[in-house]
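Beneath this line is the structure, given in structure tokens, with notes to follow.
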Amino acid sequence: MERNLYDERQLITAIKSGDDKQQNGALRQLYMDKVITLKIKDFIQHYGTKHDADDIMQEGILLMRRLIQEDKFSGNSKVRTFLIGICRNLIRGDLKKVTRVDLKGDFTAIDNDNLVENIDDYLFLEEQTATETKRDNILKTLLEQLTEKCRESLKLKYYKDKTMVQIAEARQLKNANQAKKAVDRCRQRLRDLIQQEPQLADFLKGTL
Amino acid sequence: MNLDNYDKIEAYLFDLLDEKERATFEAELKKDDKLKAEVNLHRLEQQAIKLQEEQNLRAQFAEWKQEKKSNTEIASEAKVVSMKPTRRSLFYRLSAAASVLLVLSAGTFWWANTTYNNQALADAAFEFSSNDRSNASTATSDFELAEQAFTDGKHKEAIDIYQNIIETNSNPTEVHLAEWNLANVQLAAGNTATAKLSLGRIAEDEAHTYQEAAAELLPKLNSFWRKLTVN
């Protein structure tokens, strides 16, 4: 059996860290957790769904990650339990796409079994609308038109919030100035693609 | 790109404005279509970057899923042998166990007999007289005769000689030797009760040369292993 590298508190720290290696290590630990997988399989059997445990686990982990990175989750000893609760909710909802996830109430004092059973009292999942799904699918196709390096620059700047010096180092560019030019160029390219896409016109107007 | 609006838009979209600032900004949005379009564009950019990150993670999940699958396949391939024994294999296992038990039992009986039967104990304890008998009061031949009789298995003869030595000998050391060997010959002859009595007396005599030896031998006569011997 694999030894867990992170305890509950360390899982949260690693996922928030912004360091790919640490974050991936933490997410992998959750994904490979046999107890969580077995619980999910129990729920699948109980509620019935065509999706397999791995699919459920993936979506659950992505939502859990969002909660942690948006500083909404601070329960220092309930990461695994909460993840099981999220997955249970996803199974009951037949793995519908979620556009927003939020927490309500204080669940830190509740015991694990009751938390999973009553997860609806603490978890808010807003289902993605058909329009939002359409929007995301269009954006994904636009992203494919950017180069790998461009996508990497945008991720480092706008998702990882790295400085230009750090981006220059990661992208092996000469200096921060070059990194800034690369980021600005890539961002402009993405903006142009969005603005030129007719199917996104209504989103830009704000009518959707 | 309007950089003046950039920070404001970022703050608005990430919910970093206070109530008053937010209200002011939203009022501006209602009046300014260009600003509205800028905010919406910004929103779409952010969403695209978030989607890109999730795409990267999903690719990672696909690798881990493959790894999980490989680990499960290896684990299930290792299960080659059925846990439930077939009737035939059970018969062979029982036969093998019975054979081992038989061999062990035979071995145990043999060992017990060679170690704990009367003759074996007597042979191990019996002491042959010293060659240096310059102070001897009994004729060399008496001890030698008794020892020869014991060796030849002529137990009654050896008993008689040793009893005579005990009655007539004035040398304590020689008497002690005769008493010790007499007890052993009694044992070899199958007179276990008599031997036990003699050994008991020797073991209680602190002055006896063979007190310790008798104390060591006595428990062996009461050993569990003697139940497996043929005497």
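Each chain in the structure tokens gets a letter, A, B, ..., in the order shown, and its residues are numbered from 1; ligands are numbered from 1 in order too.
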
Dump as CSV the rows for residues of chain B within 8 Å of chain A: closest atom pair and distance in Å with one decimal, only C-alpha atoms counted, ordered by chain and rising residue number.
```
residue,atom,partner,partner_atom,distance
B:Asp33,CA,A:Lys205,CA,7.9
B:Lys36,CA,A:Gly206,CA,7.3
B:Ala37,CA,A:Leu204,CA,5.2
B:Glu38,CA,A:Leu204,CA,7.9
B:Asn40,CA,A:Leu204,CA,5.1
B:Leu41,CA,A:Leu204,CA,5.9
B:Leu44,CA,A:Ile194,CA,7.7
B:Glu45,CA,A:Arg191,CA,6.9
B:Gln46,CA,A:Tyr158,CA,7.7
B:Gln47,CA,A:Asp136,CA,7.8
B:Ala48,CA,A:Leu139,CA,5.7
B:Ile49,CA,A:Lys155,CA,6.3
B:Lys50,CA,A:Tyr159,CA,7.2
B:Leu51,CA,A:Lys140,CA,7.1
B:Gln52,CA,A:Leu143,CA,7.4
B:Glu53,CA,A:Lys155,CA,7.1
B:Glu54,CA,A:Leu62,CA,7.7
B:Arg58,CA,A:Gln58,CA,7.6
B:Phe61,CA,A:Gln58,CA,6.9
B:Trp64,CA,A:Arg28,CA,7.3
B:Lys65,CA,A:Asp54,CA,7.1
B:Lys68,CA,A:Met32,CA,7.2
```

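Residues with any atom within 12 Å of Leu35 (chain B), counting only C-alpha atoms and excluding same-chain neighbours fewer than 5 positions away, are Leu204, Lys205 and Gly206 of chain A; Met1, Asn2, Asp4, Asn5, Tyr6, Lys8, Ile9, Phe25, Glu26, Ala27, Glu28, Leu29, Lys30, Asn40, Leu41 and His42 of chain B.
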
Could you dump the residues just selected with all heavy atoms as a short mmCIF file (atom, residue, chain, number, x, y, z; two decimals), in the first residue's frame?
```cif
data_model
loop_
_atom_site.label_atom_id
_atom_site.label_comp_id
_atom_site.auth_asym_id
_atom_site.auth_seq_id
_atom_site.Cartn_x
_atom_site.Cartn_y
_atom_site.Cartn_z
N LEU A 204 -20.32 38.78 -25.07
CA LEU A 204 -19.58 40.03 -24.94
C LEU A 204 -20.54 41.21 -24.69
O LEU A 204 -20.22 42.12 -23.94
CB LEU A 204 -18.76 40.29 -26.21
CG LEU A 204 -17.55 39.37 -26.38
CD1 LEU A 204 -16.95 39.48 -27.77
CD2 LEU A 204 -16.48 39.69 -25.34
N LYS A 205 -21.71 41.12 -25.32
CA LYS A 205 -22.68 42.20 -25.12
C LYS A 205 -23.28 42.13 -23.72
O LYS A 205 -23.85 43.10 -23.24
CB LYS A 205 -23.80 42.08 -26.16
CG LYS A 205 -23.45 42.59 -27.53
CD LYS A 205 -24.66 42.51 -28.45
CE LYS A 205 -24.21 42.33 -29.87
NZ LYS A 205 -25.31 41.88 -30.75
N GLY A 206 -23.22 40.98 -23.16
CA GLY A 206 -23.78 40.84 -21.82
C GLY A 206 -25.23 40.46 -21.83
O GLY A 206 -25.94 40.57 -20.83
N MET B 1 -6.05 47.62 -25.26
CA MET B 1 -6.39 47.24 -23.88
C MET B 1 -6.28 48.48 -22.98
O MET B 1 -5.25 49.15 -22.97
CB MET B 1 -5.38 46.16 -23.47
CG MET B 1 -5.76 45.41 -22.26
SD MET B 1 -4.58 44.11 -21.75
CE MET B 1 -3.82 43.48 -23.19
N ASN B 2 -7.35 48.74 -22.24
CA ASN B 2 -7.35 49.90 -21.36
C ASN B 2 -6.81 49.47 -20.01
O ASN B 2 -7.47 48.82 -19.22
CB ASN B 2 -8.78 50.44 -21.22
CG ASN B 2 -8.81 51.73 -20.43
OD1 ASN B 2 -7.92 52.01 -19.63
ND2 ASN B 2 -9.84 52.53 -20.67
N ASP B 4 -6.02 51.23 -17.45
CA ASP B 4 -6.63 51.89 -16.28
C ASP B 4 -7.79 51.06 -15.77
O ASP B 4 -7.99 50.93 -14.57
CB ASP B 4 -7.12 53.29 -16.64
CG ASP B 4 -5.96 54.23 -16.92
OD1 ASP B 4 -4.87 53.95 -16.40
OD2 ASP B 4 -6.16 55.19 -17.66
N ASN B 5 -8.53 50.52 -16.71
CA ASN B 5 -9.70 49.73 -16.31
C ASN B 5 -9.31 48.33 -15.85
O ASN B 5 -10.06 47.68 -15.13
CB ASN B 5 -10.68 49.59 -17.49
CG ASN B 5 -11.51 50.84 -17.64
OD1 ASN B 5 -11.71 51.59 -16.69
ND2 ASN B 5 -11.98 51.09 -18.85
N TYR B 6 -8.15 47.88 -16.29
CA TYR B 6 -7.75 46.49 -16.05
C TYR B 6 -7.82 46.12 -14.58
O TYR B 6 -8.47 45.12 -14.20
CB TYR B 6 -6.34 46.24 -16.59
CG TYR B 6 -5.86 44.83 -16.35
CD1 TYR B 6 -6.19 43.80 -17.22
CD2 TYR B 6 -5.09 44.51 -15.23
CE1 TYR B 6 -5.78 42.50 -16.99
CE2 TYR B 6 -4.67 43.21 -14.99
CZ TYR B 6 -5.02 42.22 -15.88
OH TYR B 6 -4.60 40.93 -15.64
N LYS B 8 -9.27 47.64 -12.15
CA LYS B 8 -10.63 47.79 -11.61
C LYS B 8 -11.46 46.57 -11.97
O LYS B 8 -12.22 46.05 -11.15
CB LYS B 8 -11.27 49.07 -12.21
CG LYS B 8 -11.68 50.10 -11.16
CD LYS B 8 -12.55 51.17 -11.74
CE LYS B 8 -11.71 52.34 -12.20
NZ LYS B 8 -12.52 53.45 -12.76
N ILE B 9 -11.32 46.18 -13.23
CA ILE B 9 -12.10 45.02 -13.71
C ILE B 9 -11.70 43.76 -12.95
O ILE B 9 -12.55 42.97 -12.52
CB ILE B 9 -11.92 44.82 -15.23
CG1 ILE B 9 -12.57 45.99 -15.99
CG2 ILE B 9 -12.52 43.50 -15.67
CD1 ILE B 9 -12.22 46.02 -17.48
N PHE B 25 -18.96 51.05 -9.44
CA PHE B 25 -18.52 50.39 -10.67
C PHE B 25 -19.71 49.87 -11.46
O PHE B 25 -19.77 50.02 -12.70
CB PHE B 25 -17.54 49.26 -10.33
CG PHE B 25 -16.84 48.69 -11.53
CD1 PHE B 25 -15.76 49.35 -12.09
CD2 PHE B 25 -17.26 47.49 -12.10
CE1 PHE B 25 -15.11 48.83 -13.22
CE2 PHE B 25 -16.61 46.97 -13.21
CZ PHE B 25 -15.53 47.63 -13.78
N GLU B 26 -20.67 49.26 -10.76
CA GLU B 26 -21.84 48.71 -11.45
C GLU B 26 -22.69 49.82 -12.07
O GLU B 26 -23.31 49.63 -13.12
CB GLU B 26 -22.65 47.82 -10.49
CG GLU B 26 -21.98 46.45 -10.33
CD GLU B 26 -22.67 45.55 -9.32
OE1 GLU B 26 -23.53 46.02 -8.54
OE2 GLU B 26 -22.31 44.36 -9.30
N ALA B 27 -22.70 50.95 -11.42
CA ALA B 27 -23.42 52.10 -11.98
C ALA B 27 -22.75 52.54 -13.29
O ALA B 27 -23.42 52.87 -14.28
CB ALA B 27 -23.44 53.23 -10.97
N GLU B 28 -21.42 52.51 -13.28
CA GLU B 28 -20.66 52.86 -14.50
C GLU B 28 -20.96 51.87 -15.61
O GLU B 28 -21.12 52.26 -16.79
CB GLU B 28 -19.17 52.81 -14.22
CG GLU B 28 -18.57 54.11 -13.69
CD GLU B 28 -17.06 53.97 -13.49
OE1 GLU B 28 -16.35 53.74 -14.49
OE2 GLU B 28 -16.62 54.04 -12.33
N LEU B 29 -21.03 50.61 -15.25
CA LEU B 29 -21.27 49.54 -16.23
C LEU B 29 -22.60 49.75 -16.96
O LEU B 29 -22.70 49.53 -18.17
CB LEU B 29 -21.31 48.18 -15.53
CG LEU B 29 -20.00 47.43 -15.33
CD1 LEU B 29 -20.22 46.11 -14.60
CD2 LEU B 29 -19.28 47.17 -16.64
N LYS B 30 -23.59 50.19 -16.21
CA LYS B 30 -24.93 50.36 -16.80
C LYS B 30 -24.91 51.44 -17.87
O LYS B 30 -25.61 51.36 -18.88
CB LYS B 30 -25.94 50.72 -15.71
CG LYS B 30 -26.44 49.53 -14.94
CD LYS B 30 -27.50 49.91 -13.91
CE LYS B 30 -27.91 48.66 -13.15
NZ LYS B 30 -28.51 48.99 -11.85
N ASN B 40 -16.90 41.89 -19.87
CA ASN B 40 -17.33 40.58 -20.37
C ASN B 40 -16.19 39.84 -21.07
O ASN B 40 -16.05 38.62 -20.96
CB ASN B 40 -18.53 40.71 -21.29
CG ASN B 40 -19.79 41.12 -20.54
OD1 ASN B 40 -19.94 40.81 -19.35
ND2 ASN B 40 -20.69 41.84 -21.19
N LEU B 41 -15.38 40.60 -21.79
CA LEU B 41 -14.21 40.00 -22.47
C LEU B 41 -13.24 39.45 -21.42
O LEU B 41 -12.71 38.34 -21.56
CB LEU B 41 -13.53 41.06 -23.33
CG LEU B 41 -12.27 40.64 -24.08
CD1 LEU B 41 -12.53 39.43 -25.00
CD2 LEU B 41 -11.70 41.80 -24.90
N HIS B 42 -13.04 40.28 -20.41
CA HIS B 42 -12.15 39.87 -19.31
C HIS B 42 -12.66 38.56 -18.68
O HIS B 42 -11.91 37.65 -18.38
CB HIS B 42 -12.13 40.99 -18.27
CG HIS B 42 -10.87 41.01 -17.46
ND1 HIS B 42 -9.93 42.01 -17.56
CD2 HIS B 42 -10.40 40.16 -16.51
CE1 HIS B 42 -8.94 41.76 -16.71
NE2 HIS B 42 -9.20 40.65 -16.07
#
```

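Distance-wise, CA of Ile74 (chain B) and CA of Ala62 (chain B) end up 18.5 Å apart.
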
So which residues touch region 103-120 of chain B within 12 Å, counting only C-alpha atoms, skipping near sequence neighbours fewer than 3 positions away, as number ranges by chain? B: 96-100, 123-126, 150-151, 153, 155, 183-193, 195-196, 217-231

Selection from above, C-alpha atoms, as a tab-separated table (two decimals), in the first residue's frame, can you write it?
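Ended up saving to result.tsv:
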```tsv
chain	number	residue	atom	x	y	z
B	96	ALA	CA	2.09	-35.60	3.48
B	97	ALA	CA	1.15	-34.38	6.95
B	98	ALA	CA	0.58	-37.94	8.15
B	99	SER	CA	3.95	-39.04	6.76
B	100	VAL	CA	5.73	-36.19	8.49
B	123	ASP	CA	25.58	-46.57	30.73
B	124	ALA	CA	25.85	-42.78	30.77
B	125	ALA	CA	26.19	-42.58	34.55
B	126	PHE	CA	28.31	-45.67	35.25
B	150	PHE	CA	28.20	-54.82	33.94
B	151	THR	CA	29.68	-54.49	30.47
B	153	GLY	CA	25.17	-57.40	30.88
B	155	HIS	CA	23.73	-57.48	36.14
B	183	ALA	CA	22.56	-48.03	41.84
B	184	ASN	CA	23.32	-47.84	38.13
B	185	VAL	CA	23.56	-51.56	37.75
B	186	GLN	CA	20.20	-51.89	39.58
B	187	LEU	CA	18.78	-49.46	37.05
B	188	ALA	CA	20.21	-51.38	34.11
B	189	ALA	CA	18.81	-54.58	35.59
B	190	GLY	CA	15.33	-53.03	35.61
B	191	ASN	CA	15.16	-52.66	39.39
B	192	THR	CA	14.03	-49.05	39.00
B	193	ALA	CA	12.46	-48.72	42.45
B	195	ALA	CA	17.78	-47.81	42.07
B	196	LYS	CA	15.64	-44.77	42.97
B	217	LEU	CA	20.07	-38.49	37.62
B	218	LEU	CA	16.99	-38.80	39.80
B	219	PRO	CA	14.75	-36.35	37.86
B	220	LYS	CA	15.56	-38.23	34.66
B	221	LEU	CA	14.02	-41.33	36.18
B	222	ASN	CA	10.78	-39.39	36.54
B	223	SER	CA	10.94	-37.76	33.10
B	224	PHE	CA	7.92	-37.72	30.73
B	225	TRP	CA	10.13	-39.19	27.99
B	226	ARG	CA	10.52	-42.47	29.93
B	227	LYS	CA	6.87	-43.19	29.10
B	228	LEU	CA	7.97	-43.61	25.47
B	229	THR	CA	10.79	-46.03	26.34
B	230	VAL	CA	10.92	-49.79	26.39
B	231	ASN	CA	12.58	-51.00	29.59
```

Leaving out Phe82 (chain A) and any residue of its chain fewer than 3 positions from it, which residues lie within 12 Å of it when counting only C-alpha atoms, given as an MDAnalysis selection string? chainID A and resid 8 30 36 60:61 63:65 67:68 73:79 85:89 103 107:108 110:120 122:123

Writing out the chosen residues with C-alpha atoms as a PDB file, in the first residue's frame:
```pdb
ATOM      1  CA  GLU A   8      -5.199  16.613   5.886  1.00  0.00           C
ATOM      2  CA  LEU A  30      -6.620  11.876  -3.127  1.00  0.00           C
ATOM      3  CA  ILE A  36     -12.387   7.077  -0.938  1.00  0.00           C
ATOM      4  CA  GLY A  60     -15.088  15.743  -7.104  1.00  0.00           C
ATOM      5  CA  ILE A  61     -11.409  16.541  -6.807  1.00  0.00           C
ATOM      6  CA  LEU A  63     -14.522  20.937  -7.192  1.00  0.00           C
ATOM      7  CA  MET A  64     -12.650  20.334  -3.966  1.00  0.00           C
ATOM      8  CA  ARG A  65      -9.639  22.056  -5.480  1.00  0.00           C
ATOM      9  CA  LEU A  67     -13.060  25.413  -2.958  1.00  0.00           C
ATOM     10  CA  ILE A  68      -9.585  25.278  -1.493  1.00  0.00           C
ATOM     11  CA  PHE A  73     -12.539  25.542   2.402  1.00  0.00           C
ATOM     12  CA  SER A  74     -10.552  25.762   5.586  1.00  0.00           C
ATOM     13  CA  GLY A  75     -11.655  22.579   7.403  1.00  0.00           C
ATOM     14  CA  ASN A  76      -8.302  21.301   8.521  1.00  0.00           C
ATOM     15  CA  SER A  77      -9.282  17.729   9.124  1.00  0.00           C
ATOM     16  CA  LYS A  78     -12.082  16.949   6.759  1.00  0.00           C
ATOM     17  CA  VAL A  79     -10.648  17.131   3.265  1.00  0.00           C
ATOM     18  CA  GLY A  85     -19.534  14.065   0.396  1.00  0.00           C
ATOM     19  CA  ILE A  86     -19.027  16.014  -2.846  1.00  0.00           C
ATOM     20  CA  CYS A  87     -18.753  12.779  -4.818  1.00  0.00           C
ATOM     21  CA  ARG A  88     -21.951  11.477  -3.218  1.00  0.00           C
ATOM     22  CA  ASN A  89     -23.707  14.651  -4.308  1.00  0.00           C
ATOM     23  CA  LEU A 103     -19.808  26.284   1.247  1.00  0.00           C
ATOM     24  CA  PHE A 107     -19.090  21.721   9.410  1.00  0.00           C
ATOM     25  CA  THR A 108     -15.851  21.460  11.398  1.00  0.00           C
ATOM     26  CA  ILE A 110     -19.724  17.539  12.849  1.00  0.00           C
ATOM     27  CA  ASP A 111     -18.525  13.931  12.774  1.00  0.00           C
ATOM     28  CA  ASN A 112     -17.468  12.358   9.461  1.00  0.00           C
ATOM     29  CA  ASP A 113     -20.414  10.000   8.927  1.00  0.00           C
ATOM     30  CA  ASN A 114     -22.960  12.728   9.579  1.00  0.00           C
ATOM     31  CA  LEU A 115     -21.064  15.144   7.356  1.00  0.00           C
ATOM     32  CA  VAL A 116     -21.236  12.789   4.381  1.00  0.00           C
ATOM     33  CA  GLU A 117     -24.878  11.996   5.075  1.00  0.00           C
ATOM     34  CA  ASN A 118     -25.871  15.662   5.423  1.00  0.00           C
ATOM     35  CA  ILE A 119     -23.495  17.193   2.885  1.00  0.00           C
ATOM     36  CA  ASP A 120     -26.352  19.165   1.291  1.00  0.00           C
ATOM     37  CA  TYR A 122     -22.966  22.471   3.893  1.00  0.00           C
ATOM     38  CA  LEU A 123     -22.341  22.320   0.176  1.00  0.00           C
TER      39      LEU A 123
END
```

When DSSP works through the backbone of this structure, what residues of region 11-138 of chain A end up as helix (DSSP H, G or I), shown as a compact mmCIF listing (two decimals) with C-alpha atoms, in the first residue's frame?
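Once written, part.txt looks like this:
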```txt
# COMPACT_ATOMS: atom_id res chain seq x y z
CA LEU A 11 -3.23 18.51 1.50
CA ILE A 12 -4.82 21.93 1.74
CA THR A 13 -1.45 23.71 1.83
CA ALA A 14 -0.17 21.78 -1.18
CA ILE A 15 -3.29 22.43 -3.25
CA LYS A 16 -3.16 26.15 -2.46
CA ASP A 20 2.49 22.23 -9.75
CA LYS A 21 4.54 19.43 -8.20
CA GLN A 22 3.03 19.88 -4.75
CA GLN A 23 -0.47 20.34 -6.03
CA ASN A 24 -0.26 17.30 -8.29
CA GLY A 25 1.18 15.26 -5.44
CA ALA A 26 -1.75 16.16 -3.21
CA LEU A 27 -4.38 15.60 -5.91
CA ARG A 28 -2.81 12.28 -6.87
CA GLN A 29 -2.90 11.14 -3.26
CA LEU A 30 -6.62 11.88 -3.13
CA TYR A 31 -7.23 10.23 -6.49
CA MET A 32 -5.37 7.06 -5.51
CA LYS A 34 -8.53 3.36 -1.92
CA VAL A 35 -10.89 4.14 0.94
CA ILE A 36 -12.39 7.08 -0.94
CA THR A 37 -12.65 4.97 -4.11
CA LEU A 38 -14.45 2.20 -2.23
CA LYS A 39 -16.89 4.66 -0.67
CA ILE A 40 -17.65 6.10 -4.09
CA LYS A 41 -18.23 2.62 -5.50
CA ASP A 42 -20.67 1.96 -2.64
CA PHE A 43 -22.57 5.13 -3.51
CA ILE A 44 -22.61 4.23 -7.20
CA GLN A 45 -24.11 0.88 -6.33
CA HIS A 46 -26.63 2.47 -4.01
CA TYR A 47 -27.78 5.36 -6.19
CA ALA A 53 -15.81 5.84 -9.80
CA ASP A 54 -12.81 7.46 -11.48
CA ASP A 55 -14.97 9.94 -13.41
CA ILE A 56 -16.80 10.87 -10.22
CA MET A 57 -13.53 11.16 -8.33
CA GLN A 58 -12.07 13.49 -10.99
CA GLU A 59 -14.98 15.89 -10.88
CA GLY A 60 -15.09 15.74 -7.10
CA ILE A 61 -11.41 16.54 -6.81
CA LEU A 62 -11.69 19.45 -9.26
CA LEU A 63 -14.52 20.94 -7.19
CA MET A 64 -12.65 20.33 -3.97
CA ARG A 65 -9.64 22.06 -5.48
CA ARG A 66 -11.73 25.04 -6.49
CA LEU A 67 -13.06 25.41 -2.96
CA ILE A 68 -9.59 25.28 -1.49
CA GLN A 69 -7.99 27.66 -4.01
CA VAL A 79 -10.65 17.13 3.26
CA ARG A 80 -11.17 13.43 2.52
CA THR A 81 -14.57 13.32 4.17
CA PHE A 82 -15.70 16.41 2.32
CA LEU A 83 -14.48 14.97 -0.95
CA ILE A 84 -16.54 11.83 -0.31
CA GLY A 85 -19.53 14.07 0.40
CA ILE A 86 -19.03 16.01 -2.85
CA CYS A 87 -18.75 12.78 -4.82
CA ARG A 88 -21.95 11.48 -3.22
CA ASN A 89 -23.71 14.65 -4.31
CA LEU A 90 -22.35 14.34 -7.83
CA ILE A 91 -23.56 10.74 -8.06
CA ARG A 92 -27.04 11.69 -6.89
CA ASN A 112 -17.47 12.36 9.46
CA ASP A 113 -20.41 10.00 8.93
CA ASN A 114 -22.96 12.73 9.58
CA LEU A 115 -21.06 15.14 7.36
CA VAL A 116 -21.24 12.79 4.38
CA GLU A 117 -24.88 12.00 5.08
CA ILE A 119 -23.50 17.19 2.88
CA ASP A 120 -26.35 19.16 1.29
CA ASP A 121 -26.52 21.28 4.43
CA ALA A 130 -26.72 24.77 -21.27
CA THR A 131 -25.57 28.25 -22.33
CA GLU A 132 -22.56 28.09 -20.05
CA THR A 133 -21.67 24.62 -21.36
CA LYS A 134 -21.87 25.95 -24.92
CA ARG A 135 -19.66 28.91 -23.97
CA ASP A 136 -17.03 26.61 -22.43
CA ASN A 137 -16.95 24.33 -25.44
CA ILE A 138 -16.35 27.32 -27.72
```

What separation in Å, quoted to one decimal, exists between CA of Ser198 (chain B) and CA of Ala214 (chain B)?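 Value for the CA of Ser198 (chain B)-CA of Ala214 (chain B) distance: 9.0 Å.
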